[in-house]
file final18.cif (mmCIF, N, CA and C atoms)
data_structure
loop_
_atom_site.label_atom_id
_atom_site.label_comp_id
_atom_site.auth_asym_id
_atom_site.auth_seq_id
_atom_site.Cartn_x
_atom_site.Cartn_y
_atom_site.Cartn_z
N MET A 16 158.07 28.24 156.06
CA MET A 16 159.26 28.06 156.84
C MET A 16 158.87 28.10 158.31
N GLY A 17 159.37 27.17 159.07
CA GLY A 17 159.14 27.18 160.50
C GLY A 17 160.18 28.05 161.19
N PHE A 18 159.77 28.67 162.29
CA PHE A 18 160.71 29.50 163.04
C PHE A 18 160.31 29.50 164.51
N ALA A 19 161.30 29.73 165.37
CA ALA A 19 161.07 29.76 166.81
C ALA A 19 160.16 30.94 167.14
N PHE A 20 159.13 30.65 167.95
CA PHE A 20 158.17 31.68 168.33
C PHE A 20 157.45 31.20 169.58
N PRO A 21 157.19 32.10 170.55
CA PRO A 21 156.53 31.68 171.79
C PRO A 21 155.15 31.07 171.55
N LYS A 22 154.91 29.91 172.15
CA LYS A 22 153.62 29.23 172.01
C LYS A 22 152.46 30.12 172.41
N ASP A 23 152.64 30.88 173.48
CA ASP A 23 151.56 31.70 174.00
C ASP A 23 151.10 32.79 173.04
N TRP A 24 151.93 33.16 172.07
CA TRP A 24 151.62 34.25 171.15
C TRP A 24 151.30 33.78 169.74
N ARG A 25 151.36 32.47 169.49
CA ARG A 25 151.12 31.96 168.13
C ARG A 25 149.76 32.34 167.59
N ALA A 26 148.72 32.14 168.37
CA ALA A 26 147.36 32.44 167.89
C ALA A 26 147.22 33.91 167.52
N VAL A 27 147.85 34.78 168.29
CA VAL A 27 147.82 36.22 167.99
C VAL A 27 148.54 36.49 166.68
N LEU A 28 149.71 35.88 166.49
CA LEU A 28 150.47 36.05 165.26
C LEU A 28 149.67 35.59 164.05
N VAL A 29 149.14 34.39 164.12
CA VAL A 29 148.37 33.84 163.00
C VAL A 29 147.11 34.67 162.75
N GLY A 30 146.45 35.08 163.81
CA GLY A 30 145.26 35.91 163.67
C GLY A 30 145.54 37.28 163.08
N SER A 31 146.75 37.79 163.29
CA SER A 31 147.10 39.12 162.78
C SER A 31 147.25 39.13 161.26
N ASP A 32 147.64 37.99 160.67
CA ASP A 32 147.80 37.92 159.22
C ASP A 32 147.77 36.45 158.78
N PRO A 33 146.58 35.85 158.73
CA PRO A 33 146.48 34.41 158.41
C PRO A 33 146.92 34.04 156.99
N GLU A 34 147.04 35.02 156.12
CA GLU A 34 147.55 34.75 154.78
C GLU A 34 149.06 34.57 154.80
N LYS A 35 149.69 35.08 155.84
CA LYS A 35 151.14 35.03 155.95
C LYS A 35 151.61 33.97 156.94
N PHE A 36 150.95 33.90 158.11
CA PHE A 36 151.40 33.01 159.18
C PHE A 36 150.44 31.85 159.38
N LEU A 37 150.98 30.70 159.78
CA LEU A 37 150.21 29.49 160.00
C LEU A 37 150.61 28.87 161.34
N MET A 38 149.70 28.09 161.89
CA MET A 38 150.04 27.28 163.04
C MET A 38 150.90 26.12 162.55
N PRO A 39 151.77 25.60 163.40
CA PRO A 39 152.56 24.44 162.99
C PRO A 39 151.68 23.19 162.89
N GLU A 40 152.24 22.14 162.34
CA GLU A 40 151.53 20.87 162.28
C GLU A 40 151.12 20.45 163.69
N PRO A 41 150.03 19.69 163.83
CA PRO A 41 149.59 19.28 165.17
C PRO A 41 150.69 18.61 166.01
N SER A 42 151.56 17.84 165.37
CA SER A 42 152.63 17.17 166.12
C SER A 42 153.68 18.15 166.64
N ASP A 43 153.71 19.38 166.10
CA ASP A 43 154.69 20.38 166.54
C ASP A 43 154.09 21.44 167.47
N LEU A 44 152.83 21.32 167.82
CA LEU A 44 152.19 22.33 168.66
C LEU A 44 152.81 22.42 170.05
N ARG A 45 153.46 21.37 170.50
CA ARG A 45 154.06 21.40 171.84
C ARG A 45 155.34 22.23 171.89
N TYR A 46 155.89 22.57 170.71
CA TYR A 46 157.13 23.33 170.64
C TYR A 46 156.86 24.83 170.45
N ASN A 47 157.86 25.64 170.77
CA ASN A 47 157.81 27.08 170.51
C ASN A 47 158.11 27.28 169.03
N TRP A 48 157.06 27.22 168.22
CA TRP A 48 157.24 27.15 166.78
C TRP A 48 156.06 27.81 166.10
N ALA A 49 156.30 28.46 164.98
CA ALA A 49 155.25 28.99 164.10
C ALA A 49 155.73 28.82 162.67
N VAL A 50 154.86 29.08 161.72
CA VAL A 50 155.18 28.88 160.30
C VAL A 50 154.82 30.13 159.52
N VAL A 51 155.64 30.47 158.53
CA VAL A 51 155.37 31.60 157.66
C VAL A 51 155.43 31.12 156.21
N ARG A 52 154.55 31.67 155.38
CA ARG A 52 154.61 31.39 153.94
C ARG A 52 155.70 32.28 153.33
N LEU A 53 156.72 31.69 152.77
CA LEU A 53 157.84 32.46 152.24
C LEU A 53 157.42 33.41 151.13
N ALA A 54 156.48 33.01 150.32
CA ALA A 54 156.02 33.87 149.22
C ALA A 54 155.31 35.13 149.73
N ALA A 55 154.93 35.12 151.00
CA ALA A 55 154.17 36.25 151.56
C ALA A 55 155.05 37.28 152.27
N ILE A 56 156.36 37.03 152.35
CA ILE A 56 157.22 37.97 153.05
C ILE A 56 158.35 38.44 152.14
N ASP A 57 158.89 39.60 152.48
CA ASP A 57 160.02 40.13 151.71
C ASP A 57 161.33 39.85 152.47
N HIS A 58 162.41 40.28 151.90
CA HIS A 58 163.74 40.03 152.46
C HIS A 58 163.87 40.58 153.89
N GLU A 59 163.40 41.79 154.11
CA GLU A 59 163.53 42.41 155.43
C GLU A 59 162.72 41.67 156.49
N GLU A 60 161.50 41.23 156.14
CA GLU A 60 160.70 40.45 157.09
C GLU A 60 161.37 39.12 157.39
N MET A 61 161.95 38.49 156.37
CA MET A 61 162.67 37.23 156.57
C MET A 61 163.83 37.44 157.54
N ARG A 62 164.57 38.51 157.34
CA ARG A 62 165.71 38.82 158.21
C ARG A 62 165.24 39.00 159.66
N GLU A 63 164.17 39.75 159.85
CA GLU A 63 163.64 39.97 161.20
C GLU A 63 163.18 38.67 161.85
N LEU A 64 162.46 37.83 161.11
CA LEU A 64 162.00 36.55 161.66
C LEU A 64 163.17 35.67 162.07
N VAL A 65 164.18 35.60 161.22
CA VAL A 65 165.34 34.75 161.52
C VAL A 65 166.10 35.29 162.73
N LEU A 66 166.34 36.58 162.77
CA LEU A 66 167.06 37.16 163.92
C LEU A 66 166.26 37.00 165.22
N ASP A 67 164.96 37.24 165.17
CA ASP A 67 164.14 37.08 166.37
C ASP A 67 164.10 35.62 166.82
N ALA A 68 163.99 34.70 165.86
CA ALA A 68 163.98 33.28 166.20
C ALA A 68 165.32 32.86 166.81
N TRP A 69 166.40 33.35 166.22
CA TRP A 69 167.74 33.05 166.75
C TRP A 69 167.86 33.58 168.18
N ALA A 70 167.43 34.82 168.40
CA ALA A 70 167.53 35.42 169.73
C ALA A 70 166.67 34.67 170.75
N PHE A 71 165.62 34.04 170.28
CA PHE A 71 164.73 33.28 171.16
C PHE A 71 165.39 32.02 171.70
N VAL A 72 166.35 31.45 170.95
CA VAL A 72 166.93 30.16 171.33
C VAL A 72 168.36 30.22 171.85
N VAL A 73 169.05 31.33 171.65
CA VAL A 73 170.42 31.44 172.17
C VAL A 73 170.39 32.05 173.56
N PRO A 74 171.47 31.91 174.32
CA PRO A 74 171.51 32.57 175.62
C PRO A 74 171.29 34.08 175.48
N LYS A 75 170.58 34.65 176.44
CA LYS A 75 170.22 36.06 176.39
C LYS A 75 171.45 36.96 176.23
N ARG A 76 172.53 36.65 176.90
CA ARG A 76 173.73 37.48 176.81
C ARG A 76 174.30 37.49 175.40
N VAL A 77 174.20 36.35 174.69
CA VAL A 77 174.70 36.27 173.32
C VAL A 77 173.86 37.17 172.41
N ALA A 78 172.55 37.07 172.54
CA ALA A 78 171.67 37.92 171.72
C ALA A 78 171.88 39.39 172.05
N ASP A 79 171.96 39.71 173.34
CA ASP A 79 172.16 41.11 173.74
C ASP A 79 173.45 41.67 173.15
N GLU A 80 174.52 40.88 173.22
CA GLU A 80 175.81 41.32 172.67
C GLU A 80 175.71 41.56 171.17
N HIS A 81 175.06 40.65 170.47
CA HIS A 81 174.91 40.80 169.02
C HIS A 81 174.15 42.07 168.67
N PHE A 82 173.04 42.30 169.33
CA PHE A 82 172.22 43.47 169.00
C PHE A 82 172.90 44.78 169.42
N GLN A 83 173.67 44.74 170.49
CA GLN A 83 174.43 45.94 170.87
C GLN A 83 175.50 46.26 169.83
N GLN A 84 176.17 45.25 169.33
CA GLN A 84 177.18 45.46 168.30
C GLN A 84 176.52 45.98 167.01
N ALA A 85 175.37 45.46 166.67
CA ALA A 85 174.67 45.90 165.46
C ALA A 85 174.24 47.36 165.57
N GLN A 86 173.88 47.80 166.77
CA GLN A 86 173.47 49.20 166.96
C GLN A 86 174.66 50.15 166.81
N ARG A 87 175.84 49.68 167.16
CA ARG A 87 177.04 50.52 167.07
C ARG A 87 177.47 50.76 165.62
N LYS A 88 177.06 49.89 164.74
CA LYS A 88 177.49 50.00 163.33
C LYS A 88 176.70 51.03 162.58
#

call {"tool": "encode", "arguments": {"input": "final18.cif", "output": "structure tokens"}}
result
Amino acid sequence: MGFAFPKDWRAVLVGSDPEKFLMPEPSDLRYNWAVVRLAAIDHEEMRELVLDAWAFVVPKRVADEHFQQAQRK
């Protein structure tokens, strides 16, 4: 599964667990994108990746508001 991720940190992510994370296809290297093997992650890791990717692409105030509301619950 592809997900939003800073280009500058992709190599570190992939290097930290190459069985789990992959570089995107060469044609997608110009984008803020990384890839994860779904079989290698559990539900909680999937949730974290999706929320972090979402927060990466929405306006900062929207993400901040969401996470503040989640902390209150």

call {"tool": "residues_around", "arguments": {"input": "final18.cif", "residues": "A:Val51", "least_positions_apart": "6", "cutoff": "8 Å", "atoms": "only C-alpha atoms", "output": "JSON, numbers by chain"}}
result
{"A": [16, 17, 18, 35, 36, 37]}

call {"tool": "atom_distance", "arguments": {"input": "final18.cif", "atom1": "atom C of A:Ala19", "atom2": "atom CA of A:Val73"}}
result
11.4 Å

call {"tool": "select_by_dssp", "arguments": {"input": "final18.cif", "residues": "stretch 21-87 of chain A", "states": "alpha helix (DSSP H)", "output": "PyMOL selection string"}}
result
chain A and resi 25-31+58-72+75-87

call {"tool": "atom_distance", "arguments": {"input": "final18.cif", "atom1": "atom N of A:Asn47", "atom2": "atom N of A:Lys22"}}
result
5.4 Å

call {"tool": "closest_residue", "arguments": {"input": "final18.cif", "among": "A:Arg45, A:Arg76, A:Arg52, A:Lys88", "to": "A:Asp32", "atoms": "only C-alpha atoms"}}
result
A:Arg52

call {"tool": "atom_distance", "arguments": {"input": "final18.cif", "atom1": "atom N of A:Ala68", "atom2": "atom N of A:Glu40"}}
result
17.6 Å

call {"tool": "closest_residue", "arguments": {"input": "final18.cif", "among": "A:Val77, A:Ile56, A:Tyr46, A:Pro41", "to": "A:Asp23", "atoms": "only C-alpha atoms"}}
result
A:Tyr46

call {"tool": "select_by_dssp", "arguments": {"input": "final18.cif", "residues": "chain A", "states": "strand (DSSP E or B)", "output": "list in words"}}
result
Gly17, Phe18, Ala19, Phe36, Leu37, Trp48, Ala49, Val50 and Val51 of chain A

call {"tool": "write_last_selection", "arguments": {"input": "final18.cif", "atoms": "N, CA and C atoms", "output": "compact mmCIF listing (two decimals), in the coordinates of the input"}}
result
# COMPACT_ATOMS: atom_id res chain seq x y z
N GLY A 17 159.37 27.17 159.07
CA GLY A 17 159.14 27.18 160.50
C GLY A 17 160.18 28.05 161.19
N PHE A 18 159.77 28.67 162.29
CA PHE A 18 160.71 29.50 163.04
C PHE A 18 160.31 29.50 164.51
N ALA A 19 161.30 29.73 165.37
CA ALA A 19 161.07 29.76 166.81
C ALA A 19 160.16 30.94 167.14
N PHE A 36 150.95 33.90 158.11
CA PHE A 36 151.40 33.01 159.18
C PHE A 36 150.44 31.85 159.38
N LEU A 37 150.98 30.70 159.78
CA LEU A 37 150.21 29.49 160.00
C LEU A 37 150.61 28.87 161.34
N TRP A 48 157.06 27.22 168.22
CA TRP A 48 157.24 27.15 166.78
C TRP A 48 156.06 27.81 166.10
N ALA A 49 156.30 28.46 164.98
CA ALA A 49 155.25 28.99 164.10
C ALA A 49 155.73 28.82 162.67
N VAL A 50 154.86 29.08 161.72
CA VAL A 50 155.18 28.88 160.30
C VAL A 50 154.82 30.13 159.52
N VAL A 51 155.64 30.47 158.53
CA VAL A 51 155.37 31.60 157.66
C VAL A 51 155.43 31.12 156.21

call {"tool": "axis_aligned_box", "arguments": {"input": "final18.cif", "around": "stretch 72-85 of chain A", "padding_each_side": "6 Å", "output": "AutoDock Vina command-line options"}}
result
--center_x 171.8 --center_y 38.8 --center_z 171.2 --size_x 22.8 --size_y 29.2 --size_z 23.4

call {"tool": "resolve_selection", "arguments": {"input": "final18.cif", "expression": "the PyMOL selection byres (((chain A and resi 26 and name CA) around 12) and name CA)", "output": "count of residues only"}}
result
21

call {"tool": "build_atoms", "arguments": {"input": "final18.cif", "residues": "stretch 19-45 of chain A", "atoms": "N, CA, C and O atoms", "output": "PDB file, in the coordinates of the input"}}
result
ATOM      1  N   ALA A  19     161.300  29.730 165.370  1.00  0.00           N
ATOM      2  CA  ALA A  19     161.070  29.760 166.810  1.00  0.00           C
ATOM      3  C   ALA A  19     160.160  30.940 167.140  1.00  0.00           C
ATOM      4  O   ALA A  19     160.375  32.058 166.667  1.00  0.00           O
ATOM      5  N   PHE A  20     159.130  30.650 167.950  1.00  0.00           N
ATOM      6  CA  PHE A  20     158.170  31.680 168.330  1.00  0.00           C
ATOM      7  C   PHE A  20     157.450  31.200 169.580  1.00  0.00           C
ATOM      8  O   PHE A  20     157.103  30.027 169.690  1.00  0.00           O
ATOM      9  N   PRO A  21     157.190  32.100 170.550  1.00  0.00           N
ATOM     10  CA  PRO A  21     156.530  31.680 171.790  1.00  0.00           C
ATOM     11  C   PRO A  21     155.150  31.070 171.550  1.00  0.00           C
ATOM     12  O   PRO A  21     154.327  31.644 170.833  1.00  0.00           O
ATOM     13  N   LYS A  22     154.910  29.910 172.150  1.00  0.00           N
ATOM     14  CA  LYS A  22     153.620  29.230 172.010  1.00  0.00           C
ATOM     15  C   LYS A  22     152.460  30.120 172.410  1.00  0.00           C
ATOM     16  O   LYS A  22     151.408  30.098 171.775  1.00  0.00           O
ATOM     17  N   ASP A  23     152.640  30.880 173.480  1.00  0.00           N
ATOM     18  CA  ASP A  23     151.560  31.700 174.000  1.00  0.00           C
ATOM     19  C   ASP A  23     151.100  32.790 173.040  1.00  0.00           C
ATOM     20  O   ASP A  23     149.997  33.318 173.176  1.00  0.00           O
ATOM     21  N   TRP A  24     151.930  33.160 172.070  1.00  0.00           N
ATOM     22  CA  TRP A  24     151.620  34.250 171.150  1.00  0.00           C
ATOM     23  C   TRP A  24     151.300  33.780 169.740  1.00  0.00           C
ATOM     24  O   TRP A  24     151.004  34.589 168.862  1.00  0.00           O
ATOM     25  N   ARG A  25     151.360  32.470 169.490  1.00  0.00           N
ATOM     26  CA  ARG A  25     151.120  31.960 168.130  1.00  0.00           C
ATOM     27  C   ARG A  25     149.760  32.340 167.590  1.00  0.00           C
ATOM     28  O   ARG A  25     149.638  32.792 166.445  1.00  0.00           O
ATOM     29  N   ALA A  26     148.720  32.140 168.370  1.00  0.00           N
ATOM     30  CA  ALA A  26     147.360  32.440 167.890  1.00  0.00           C
ATOM     31  C   ALA A  26     147.220  33.910 167.520  1.00  0.00           C
ATOM     32  O   ALA A  26     146.559  34.255 166.535  1.00  0.00           O
ATOM     33  N   VAL A  27     147.850  34.780 168.290  1.00  0.00           N
ATOM     34  CA  VAL A  27     147.820  36.220 167.990  1.00  0.00           C
ATOM     35  C   VAL A  27     148.540  36.490 166.680  1.00  0.00           C
ATOM     36  O   VAL A  27     148.046  37.234 165.828  1.00  0.00           O
ATOM     37  N   LEU A  28     149.710  35.880 166.490  1.00  0.00           N
ATOM     38  CA  LEU A  28     150.470  36.050 165.260  1.00  0.00           C
ATOM     39  C   LEU A  28     149.670  35.590 164.050  1.00  0.00           C
ATOM     40  O   LEU A  28     149.517  36.330 163.078  1.00  0.00           O
ATOM     41  N   VAL A  29     149.140  34.390 164.120  1.00  0.00           N
ATOM     42  CA  VAL A  29     148.370  33.840 163.000  1.00  0.00           C
ATOM     43  C   VAL A  29     147.110  34.670 162.750  1.00  0.00           C
ATOM     44  O   VAL A  29     146.775  34.993 161.609  1.00  0.00           O
ATOM     45  N   GLY A  30     146.450  35.080 163.810  1.00  0.00           N
ATOM     46  CA  GLY A  30     145.260  35.910 163.670  1.00  0.00           C
ATOM     47  C   GLY A  30     145.540  37.280 163.080  1.00  0.00           C
ATOM     48  O   GLY A  30     144.687  37.870 162.421  1.00  0.00           O
ATOM     49  N   SER A  31     146.750  37.790 163.290  1.00  0.00           N
ATOM     50  CA  SER A  31     147.100  39.120 162.780  1.00  0.00           C
ATOM     51  C   SER A  31     147.250  39.130 161.260  1.00  0.00           C
ATOM     52  O   SER A  31     147.016  40.155 160.623  1.00  0.00           O
ATOM     53  N   ASP A  32     147.640  37.990 160.670  1.00  0.00           N
ATOM     54  CA  ASP A  32     147.800  37.920 159.220  1.00  0.00           C
ATOM     55  C   ASP A  32     147.770  36.450 158.780  1.00  0.00           C
ATOM     56  O   ASP A  32     148.814  35.852 158.494  1.00  0.00           O
ATOM     57  N   PRO A  33     146.580  35.850 158.730  1.00  0.00           N
ATOM     58  CA  PRO A  33     146.480  34.410 158.410  1.00  0.00           C
ATOM     59  C   PRO A  33     146.920  34.040 156.990  1.00  0.00           C
ATOM     60  O   PRO A  33     147.156  32.877 156.709  1.00  0.00           O
ATOM     61  N   GLU A  34     147.040  35.020 156.120  1.00  0.00           N
ATOM     62  CA  GLU A  34     147.550  34.750 154.780  1.00  0.00           C
ATOM     63  C   GLU A  34     149.060  34.570 154.800  1.00  0.00           C
ATOM     64  O   GLU A  34     149.631  33.989 153.886  1.00  0.00           O
ATOM     65  N   LYS A  35     149.690  35.080 155.840  1.00  0.00           N
ATOM     66  CA  LYS A  35     151.140  35.030 155.950  1.00  0.00           C
ATOM     67  C   LYS A  35     151.610  33.970 156.940  1.00  0.00           C
ATOM     68  O   LYS A  35     152.556  33.240 156.670  1.00  0.00           O
ATOM     69  N   PHE A  36     150.950  33.900 158.110  1.00  0.00           N
ATOM     70  CA  PHE A  36     151.400  33.010 159.180  1.00  0.00           C
ATOM     71  C   PHE A  36     150.440  31.850 159.380  1.00  0.00           C
ATOM     72  O   PHE A  36     149.231  32.000 159.223  1.00  0.00           O
ATOM     73  N   LEU A  37     150.980  30.700 159.780  1.00  0.00           N
ATOM     74  CA  LEU A  37     150.210  29.490 160.000  1.00  0.00           C
ATOM     75  C   LEU A  37     150.610  28.870 161.340  1.00  0.00           C
ATOM     76  O   LEU A  37     151.734  29.067 161.808  1.00  0.00           O
ATOM     77  N   MET A  38     149.700  28.090 161.890  1.00  0.00           N
ATOM     78  CA  MET A  38     150.040  27.280 163.040  1.00  0.00           C
ATOM     79  C   MET A  38     150.900  26.120 162.550  1.00  0.00           C
ATOM     80  O   MET A  38     150.783  25.694 161.399  1.00  0.00           O
ATOM     81  N   PRO A  39     151.770  25.600 163.400  1.00  0.00           N
ATOM     82  CA  PRO A  39     152.560  24.440 162.990  1.00  0.00           C
ATOM     83  C   PRO A  39     151.680  23.190 162.890  1.00  0.00           C
ATOM     84  O   PRO A  39     150.516  23.211 163.317  1.00  0.00           O
ATOM     85  N   GLU A  40     152.240  22.140 162.340  1.00  0.00           N
ATOM     86  CA  GLU A  40     151.530  20.870 162.280  1.00  0.00           C
ATOM     87  C   GLU A  40     151.120  20.450 163.690  1.00  0.00           C
ATOM     88  O   GLU A  40     151.811  20.795 164.665  1.00  0.00           O
ATOM     89  N   PRO A  41     150.030  19.690 163.830  1.00  0.00           N
ATOM     90  CA  PRO A  41     149.590  19.280 165.170  1.00  0.00           C
ATOM     91  C   PRO A  41     150.690  18.610 166.010  1.00  0.00           C
ATOM     92  O   PRO A  41     150.782  18.837 167.212  1.00  0.00           O
ATOM     93  N   SER A  42     151.560  17.840 165.370  1.00  0.00           N
ATOM     94  CA  SER A  42     152.630  17.170 166.120  1.00  0.00           C
ATOM     95  C   SER A  42     153.680  18.150 166.640  1.00  0.00           C
ATOM     96  O   SER A  42     154.454  17.812 167.534  1.00  0.00           O
ATOM     97  N   ASP A  43     153.710  19.380 166.100  1.00  0.00           N
ATOM     98  CA  ASP A  43     154.690  20.380 166.540  1.00  0.00           C
ATOM     99  C   ASP A  43     154.090  21.440 167.470  1.00  0.00           C
ATOM    100  O   ASP A  43     154.804  22.365 167.872  1.00  0.00           O
ATOM    101  N   LEU A  44     152.830  21.320 167.820  1.00  0.00           N
ATOM    102  CA  LEU A  44     152.190  22.330 168.660  1.00  0.00           C
ATOM    103  C   LEU A  44     152.810  22.420 170.050  1.00  0.00           C
ATOM    104  O   LEU A  44     152.706  23.458 170.701  1.00  0.00           O
ATOM    105  N   ARG A  45     153.460  21.370 170.500  1.00  0.00           N
ATOM    106  CA  ARG A  45     154.060  21.400 171.840  1.00  0.00           C
ATOM    107  C   ARG A  45     155.340  22.230 171.890  1.00  0.00           C
ATOM    108  O   ARG A  45     155.846  22.568 172.947  1.00  0.00           O
TER     109      ARG A  45
END
